[in-house]
Number of protein chains: 2
Amino acid sequence: MGPVNVGLDIGATKTLGVVVDADGRVLAQERLATAPGAEGIVATAVGVVEALAAAAGAVTAVGVGVPGLVDVERGALAHAVNLGVDGEWLPLGDLLASRLGVPVSLENDVNAAALGAVALTGVDDLVYLSIGTGLAAGLVLDGRLRRGVSGAAGEIGHVPVDPAGAACQCGQRGCLETVASGRAITDAWPSGDVPAAQALFAAAAAGDVRAVAVRDRFAAGVADAVRVLGLSLDPGVVMLGGGVAQLGEPLRAAVSSALHDQAIASPFLASLDLAGRLRVVPVDHPVAAVGAALLGPREAVA
Amino acid sequence: MGPVNVGLDIGATKTLGVVVDADGRVLAQERLATAPGAEGIVATAVGVVEALAAAAGAVTAVGVGVPGLVDVERGALAHAVNLGVDGEWLPLGDLLASRLGVPVSLENDVNAAALGAVALTGVDDLVYLSIGTGLAAGLVLDGRLRRGVSGAAGEIGHVPVDPAGAACQCGQRGCLETVASGRAITDAWPSGDVPAAQALFAAAAAGDVRAVAVRDRFAAGVADAVRVLGLSLDPGVVMLGGGVAQLGEPLRAAVSSALHDQAIASPFLASLDLAGRLRVVPVDHPVAAVGAALLGPREAVA
């Protein structure tokens with residue numbers, strides 16, 4: 001195999017790396033547990049890239065998706081509390097480039113995943129809704145990644161939709177994230193070692209009436225988020241991703257059902273067929289790492 | 001004066017036409033009462049264009065902003081109930097072109113106004129929030145008009161933000177439009193011949209306690225809409241327009257105050273400084289007609 005592009009998805013617990021072809025098909029994949037702190041992040045990333053190079057050939061460029069606030073032009077990271085990076089900007093792109101000897105591009109992980117979703121679907125007008133611990137969206141509009149003037153585009157987890165809703169960590173009340181997130185599921189359905197979303201959906205599928213109610217409230221919250229995105233942006237596809245989307249098709253089905261319920265009384269909403277635009281990332285598909293691999297050089301990103 | 005581009009803003013009560021220079025500065029302006037029905041719309045538009053031609057020179061192209069659903073490629077209009085156009089698509093672009101002998105482009109009036117707001121501000125990343133009888137937004141993102149895959153981008157008037165809110169004409173409950181619209185003001189503050197928004201804000205400014213409460217609830221609703229747009233799209237500017245924006249600076253001040261109130265408990269929201277992005281269309285500035293004049297030929301629009 002010839003020179004290859006590598007994409008990394010750096011998370012709090014693991015760092016996932018892929019080698020992809022020009023269409024985003026995964027040719028090789030590696031993962032390591034993420035060591036803590038700035039030093040740990042860099043060392044782990046270098047380890048993953050070296051493993052991929054050994055498996056797939058000389059690496060020519062690396063793209064990185066990472067949670068937190070990213071300065072794409074400088075390749076710098078801030079406010080990545082889960083990674084132990086806070087306060088000062090961390091020049092992660094330069095640190096990795098000097099260790100690896102190849103150009104390194106940095107992008108917010110949800111934005112990277114949106115690009116990965118474009119590669120996966122072939123649809124270049126798409127919103128990626130990341131349902132992880134929190135809730136956020138990545139936007140690719142008519143082929144272009146929309147970051148917003150302050151990098152806040154897609155922060156719909158903090159859109160309040162219920163004045164009588166729960167207090168949100170952001171200081172507001174009734175935010176979408178208080179209902180439509182992994183944290184919301186864990187709070188409503190504590191389950192020990194099993195991922196709460198899996199436990200909840202399994203219990204609901206088995207007929208547990210209380211689980212059905214909790215699941216349906218969660219799904220209605222995700223549907224609210226899809227409606228906000230649909231009415232704001234009218235995208236071609238809404239792709240459900242993030243940790244909770246490891247549920248796969250049952251998640252899509254539950255949200256689709258909630259969207260149909262919302263549209264029953266509204267011919268206007270029904271005409272938009274938001275349920276028909278809904279997809280879910282295939283289980284275990286490394287969508288953020290794939291998107292990171294397709295980022296292109298940092299110069300071209302700006 | 002040489003050959004000129006004309007922009008028309010066709011409304012239910014009046015048709016406003018402008019001649020602009022390449023930067024969107026208004027060189028001439030005419031208006032006529034809109035005659036009813038398809039025949040009336042065409043006749044009125046032709047009358048305005050002829051008056052502008054007499055005043056400003058030979059017309060080379062016409063752009064039209066019109067309420068309702070617009071097929072930009074075909075230059076056709078539908079669902080313009082206020083104009084008496086419903087059911088069949090009306091080929092308004094072709095009808096006008098054949099009467100005027102020049103190319104005619106058609107665009108939704110809120111989208112046209114968003115383009116006019118770009119010309120007015122020189123900012124090419126902007127959301128135009130039209131507060132008329134209803135509530136809708138026009139989006140220009142990084143210099144490009146965002147219509148959405150089904151023309152529904154910016155339909156945020158029908159985003160529900162309160163499960164206990166009022167029933168909306170769209171069939172949902174608690175939509176932004178039920179609070180943040182001219183219709184909502186008229187319902188809450190009936191005022192006979194005087195525009196309700198003017199009457200309400202005057203009474204509030206004069207210290208009427210009930211008027212202050214009604215005004216502040218309206219302003220909070222507009223702030224909710226700005227927050228939805230800000231968190232979804234993170235635009236550089238949010239420009240308030242539409243009939244209610246004839247209030248001018250007092251409208252901007254009331255919405256700005258409501259945005260500050262929302263951000264008091266949320267450092268995250270405060271960091272976005274949505275209030276600082278807020279502007280209002282200057283009173284009597286024909287922003288939709290100006291944007292229509294800058295539409296360009298229909299071939300290039302698609």
# chains A, B, ... in the order shown; residues from 1 in each chain; ligands from 1
>>> interface_residues(of="chain B", to="chain A", cutoff="8 Å", atoms="only C-alpha atoms", output="PyMOL selection string")
chain B and resi 146-156+158-163+170-172+227-236+262+265-269+272
>>> residues_around(residues="Leu278 in chain A", least_positions_apart="4", cutoff="7 Å", atoms="only C-alpha atoms", output="PyMOL selection string")
chain A and resi 237-239+252+274
>>> residues_around(residues="Leu251 in chain A", least_positions_apart="4", cutoff="8 Å", atoms="only C-alpha atoms", output="ChimeraX atom specification")
/A:219,245,247,255,280
>>> select_by_dssp(residues="range 98-255 of chain B", states="strand (DSSP E)", output="JSON, numbers by chain")
{"B": [104, 105, 106, 107, 108, 126, 127, 128, 129, 130, 131, 135, 136, 137, 138, 139, 140, 141, 144, 145, 146, 237, 238, 239, 240, 241]}
>>> write_last_selection(atoms="N, CA and C atoms", output="short mmCIF file (atom, residue, chain, number, x, y, z; two decimals), in the first residue's frame")
data_model
loop_
_atom_site.label_atom_id
_atom_site.label_comp_id
_atom_site.auth_asym_id
_atom_site.auth_seq_id
_atom_site.Cartn_x
_atom_site.Cartn_y
_atom_site.Cartn_z
N VAL B 104 -36.38 38.46 -15.27
CA VAL B 104 -36.97 38.66 -13.94
C VAL B 104 -36.62 37.48 -13.04
N SER B 105 -36.02 37.79 -11.89
CA SER B 105 -35.72 36.76 -10.88
C SER B 105 -36.69 36.87 -9.73
N LEU B 106 -37.04 35.71 -9.16
CA LEU B 106 -38.00 35.68 -8.06
C LEU B 106 -37.34 35.06 -6.84
N GLU B 107 -37.66 35.60 -5.68
CA GLU B 107 -37.12 35.06 -4.42
C GLU B 107 -38.14 35.30 -3.32
N ASN B 108 -38.16 34.42 -2.35
CA ASN B 108 -38.96 34.67 -1.14
C ASN B 108 -38.56 36.01 -0.52
N LEU B 126 -24.94 36.50 8.16
CA LEU B 126 -26.02 37.28 8.78
C LEU B 126 -27.33 36.53 8.77
N VAL B 127 -28.08 36.68 9.84
CA VAL B 127 -29.44 36.18 9.87
C VAL B 127 -30.38 37.37 9.94
N TYR B 128 -31.35 37.39 9.03
CA TYR B 128 -32.38 38.44 9.02
C TYR B 128 -33.63 37.84 9.65
N LEU B 129 -34.05 38.42 10.78
CA LEU B 129 -35.22 37.89 11.49
C LEU B 129 -36.40 38.80 11.19
N SER B 130 -37.33 38.29 10.39
CA SER B 130 -38.48 39.07 9.95
C SER B 130 -39.63 38.92 10.94
N ILE B 131 -39.93 40.01 11.65
CA ILE B 131 -41.04 40.02 12.60
C ILE B 131 -42.17 40.81 11.95
N LEU B 135 -43.40 35.07 11.91
CA LEU B 135 -41.98 35.14 12.28
C LEU B 135 -41.20 34.16 11.41
N ALA B 136 -40.18 34.65 10.72
CA ALA B 136 -39.33 33.77 9.91
C ALA B 136 -37.98 34.44 9.73
N ALA B 137 -36.99 33.64 9.36
CA ALA B 137 -35.64 34.17 9.19
C ALA B 137 -35.13 33.89 7.79
N GLY B 138 -34.28 34.80 7.31
CA GLY B 138 -33.52 34.59 6.08
C GLY B 138 -32.05 34.46 6.45
N LEU B 139 -31.37 33.50 5.86
CA LEU B 139 -30.01 33.16 6.27
C LEU B 139 -29.02 33.42 5.14
N VAL B 140 -28.00 34.22 5.41
CA VAL B 140 -26.87 34.33 4.50
C VAL B 140 -25.64 33.90 5.28
N LEU B 141 -25.11 32.73 4.93
CA LEU B 141 -24.02 32.13 5.69
C LEU B 141 -22.75 32.18 4.85
N ARG B 144 -23.39 33.08 1.32
CA ARG B 144 -24.33 32.32 0.49
C ARG B 144 -25.71 32.24 1.13
N LEU B 145 -26.72 32.50 0.32
CA LEU B 145 -28.10 32.38 0.79
C LEU B 145 -28.41 30.90 1.04
N ARG B 146 -28.91 30.61 2.26
CA ARG B 146 -29.27 29.24 2.61
C ARG B 146 -30.79 29.09 2.53
N VAL B 237 -24.15 38.54 12.54
CA VAL B 237 -25.13 39.59 12.83
C VAL B 237 -26.52 38.99 12.82
N VAL B 238 -27.36 39.45 13.74
CA VAL B 238 -28.79 39.16 13.66
C VAL B 238 -29.51 40.48 13.44
N MET B 239 -30.11 40.61 12.26
CA MET B 239 -30.77 41.86 11.88
C MET B 239 -32.28 41.71 12.05
N LEU B 240 -32.87 42.55 12.89
CA LEU B 240 -34.32 42.53 13.09
C LEU B 240 -34.99 43.35 11.99
N GLY B 241 -35.97 42.75 11.33
CA GLY B 241 -36.69 43.44 10.28
C GLY B 241 -38.16 43.06 10.29
#
>>> atom_distance(atom1="CA of Gly276 in chain B", atom2="CA of Gly221 in chain B")
17.5 Å
>>> residues_around(residues="range 203-218 of chain B", least_positions_apart="6", cutoff="9 Å", atoms="only C-alpha atoms", output="JSON, numbers by chain")
{"B": [179, 180, 181, 184, 185, 188, 189, 197, 254, 255, 258]}
>>> closest_residue(among="A:Ala58, A:Ala33, A:Val244, A:Ala28", to="Gly134 in chain A", atoms="only C-alpha atoms")
A:Val244
